[in-house]
Amino acid sequence: MRSSHIPFAHNLFKSVLNEGSFTLDATCGNGHDTLFLCQLITKGRILAVDLQKEAIDKTKDRVQESYPKANVEYIQTCHSKIAQLTEPETVDLIIYNLGYLPGSDKRVITAPSSTIKSLESALTLLRPGGYIIVTTYSGHEGGLEEERAVLAFAASLSSNQFTVSHTRWISLENSPTVLAINKL
Ligand SMILES: C[S@@+](CC[C@H](N)C(=O)[O-])C[C@H]1O[C@@H](n2cnc3c(N)ncnc32)[C@H](O)[C@@H]1O
């Protein structure tokens, strides 16, 4: 049985977005998630961030092909710097799909320290009612360590300020997981 983490995460995106939403994709990679956001957000704004130029170019090409009028800004930077990209309490949804760029250099992977720094900024950028949704992978080198760091960070959040849920496909060894943080 294969994990259905991608449709699961996309359904979560769908449940929290509307046509005018403001979203930030903090690991745009090959652009599949950004493209899905473009389907849903026809009047809003999307920031697509990745460390690698290759990922930014791939995302831009994918979006241009299907949604040439989409309001997407492409930013090549480390996601630990997202606090510089917009105002606090303005973003409806911030997404992360951790790990490496499929089909590319597997040595360029998200790392616990920068991911946690980014999540701290994401909490500030999120408007009340907004969500952070993180897909984690433990199967690659360093993935389990990062997943544990992300879950420990999420579990430490105050339940007066955030609700946190975590989904894992328990019939699969090393399954991807999907974490959702909702700012109250
Ligand atoms: C699993 S891929 C993302 C896949 C993407 N969401 C999609 O739908 O195609 C992970 C991405 O994280 C990027 N990445 C790694 N470290 C990063 C960092 N510190 N800041 C921003 N992006 C980073 C990689 O370049 C890679 O493109």
# chains A, B, ... in the order shown; residues from 1 in each chain; ligands from 1
>>> closest_atom_pairs(of="chain A", to="ligand 1", cutoff="9 Å", atoms="only C-alpha atoms and all ligand atoms", output="CSV")
residue,atom,partner,partner_atom_place_in_ligand_line,distance
A:Ile6,CA,ligand 1,8 (O),8.9
A:Asp25,CA,ligand 1,6 (N),7.4
A:Ala26,CA,ligand 1,21 (C),5.9
A:Thr27,CA,ligand 1,12 (O),4.2
A:Cys28,CA,ligand 1,6 (N),4.4
A:Gly29,CA,ligand 1,27 (O),3.2
A:Asn30,CA,ligand 1,9 (O),3.5
A:Gly31,CA,ligand 1,9 (O),4.3
A:His32,CA,ligand 1,8 (O),3.6
A:Asp33,CA,ligand 1,8 (O),3.9
A:Thr34,CA,ligand 1,8 (O),6.4
A:Leu35,CA,ligand 1,8 (O),7.9
A:Phe36,CA,ligand 1,8 (O),8.5
A:Val49,CA,ligand 1,21 (C),6.1
A:Asp50,CA,ligand 1,22 (N),3.8
A:Leu51,CA,ligand 1,22 (N),4.2
A:Gln52,CA,ligand 1,25 (O),4.9
A:Lys53,CA,ligand 1,25 (O),8.2
A:Glu54,CA,ligand 1,25 (O),8.0
A:Ala55,CA,ligand 1,27 (O),5.2
A:Ile56,CA,ligand 1,27 (O),8.1
A:Lys58,CA,ligand 1,9 (O),8.8
A:Thr59,CA,ligand 1,9 (O),7.6
A:Gln76,CA,ligand 1,21 (C),7.7
A:Thr77,CA,ligand 1,21 (C),6.1
A:Cys78,CA,ligand 1,20 (N),3.5
A:His79,CA,ligand 1,20 (N),3.9
A:Ser80,CA,ligand 1,19 (N),6.5
A:Lys81,CA,ligand 1,20 (N),8.3
A:Ile95,CA,ligand 1,6 (N),8.2
A:Tyr96,CA,ligand 1,6 (N),6.7
A:Asn97,CA,ligand 1,6 (N),4.8
A:Leu98,CA,ligand 1,10 (C),4.9
A:Gly99,CA,ligand 1,1 (C),4.7
A:Tyr100,CA,ligand 1,10 (C),4.4
A:Leu101,CA,ligand 1,26 (C),3.9
A:Pro102,CA,ligand 1,2 (S),6.3
A:Ser104,CA,ligand 1,27 (O),8.5
A:Asp105,CA,ligand 1,25 (O),8.6
A:Lys106,CA,ligand 1,24 (C),8.8
A:Val108,CA,ligand 1,15 (C),5.7
A:Ile109,CA,ligand 1,15 (C),4.4
A:Thr110,CA,ligand 1,16 (N),3.6
A:Ala111,CA,ligand 1,16 (N),6.5
A:Ser113,CA,ligand 1,19 (N),9.0
A:Ser114,CA,ligand 1,19 (N),5.7
A:Thr115,CA,ligand 1,19 (N),6.6
A:Ser118,CA,ligand 1,20 (N),8.4
A:Thr135,CA,ligand 1,1 (C),8.6
A:Thr136,CA,ligand 1,1 (C),8.8
A:Tyr137,CA,ligand 1,1 (C),8.6
>>> select_by_dssp(residues="range 44-139 of chain A", states="alpha helix (DSSP H)", output="ChimeraX atom specification")
/A:53-66,112-125
>>> closest_residue(among="A:Ile133, A:Ile116, A:Cys38, A:Ala122", to="Gln84 in chain A", atoms="only C-alpha atoms")
A:Ala122
>>> residues_around(residues="range 41-46 of chain A", least_positions_apart="3", cutoff="10 Å", atoms="only C-alpha atoms", output="count of residues only")
26
>>> closest_residue(among="A:Leu123, A:Ile82, A:Ile170, A:Val134", to="Ser158 in chain A", atoms="only C-alpha atoms")
A:Leu123
>>> residues_around(residues="Glu173 in chain A", least_positions_apart="4", cutoff="10 Å", atoms="only C-alpha atoms", output="list in words")
Ser138, Gly139, Arg168 and Trp169 of chain A
>>> select_by_dssp(residues="chain A", states="strand (DSSP E or B)", output="short mmCIF file (atom, residue, chain, number, x, y, z; two decimals) with C-alpha atoms, in the first residue's frame")
data_model
loop_
_atom_site.label_atom_id
_atom_site.label_comp_id
_atom_site.auth_asym_id
_atom_site.auth_seq_id
_atom_site.Cartn_x
_atom_site.Cartn_y
_atom_site.Cartn_z
CA PHE A 22 -2.55 34.63 0.75
CA THR A 23 -0.19 31.62 0.94
CA LEU A 24 3.51 30.91 1.21
CA ASP A 25 5.08 27.73 -0.17
CA ARG A 45 -1.36 35.93 -3.65
CA ILE A 46 1.22 33.15 -3.49
CA LEU A 47 4.88 33.41 -2.45
CA ALA A 48 6.98 30.50 -3.75
CA VAL A 49 10.28 30.07 -1.91
CA ASP A 50 13.15 27.64 -2.46
CA VAL A 72 2.92 34.20 -7.75
CA GLU A 73 6.16 35.80 -6.54
CA TYR A 74 9.24 33.56 -6.78
CA ILE A 75 11.92 34.03 -4.15
CA GLN A 76 15.21 32.14 -4.11
CA VAL A 91 -0.71 34.80 5.70
CA ASP A 92 -3.55 32.26 5.54
CA LEU A 93 -1.49 29.14 4.85
CA ILE A 94 2.24 28.33 4.94
CA ILE A 95 3.29 24.96 3.53
CA TYR A 96 6.45 22.88 3.75
CA ASN A 97 7.30 19.71 1.88
CA TYR A 100 15.34 17.09 -1.24
CA ILE A 109 18.02 18.87 1.83
CA LEU A 126 0.28 33.53 10.13
CA ARG A 127 -2.95 35.42 10.63
CA PRO A 128 -5.22 34.20 13.46
CA GLY A 129 -7.15 31.25 12.05
CA GLY A 130 -4.37 30.43 9.59
CA TYR A 131 -2.53 27.14 9.13
CA ILE A 132 0.98 25.79 8.73
CA ILE A 133 1.02 22.38 7.02
CA VAL A 134 4.27 20.42 6.96
CA THR A 135 4.91 17.15 5.12
CA THR A 136 7.86 15.30 6.68
CA PHE A 162 -2.39 26.76 18.60
CA THR A 163 -4.03 23.44 17.82
CA VAL A 164 -1.70 20.83 16.36
CA SER A 165 -2.52 17.54 14.61
CA HIS A 166 -0.24 14.94 13.11
CA THR A 167 -1.09 12.19 10.61
CA ARG A 168 1.04 9.12 9.95
CA THR A 177 3.70 12.36 7.83
CA VAL A 178 1.56 15.48 7.67
CA LEU A 179 1.57 18.02 10.48
CA ALA A 180 -1.04 20.79 10.72
CA ILE A 181 -0.70 23.79 13.05
CA ASN A 182 -3.70 26.08 13.39
CA LYS A 183 -3.19 29.53 14.96
#
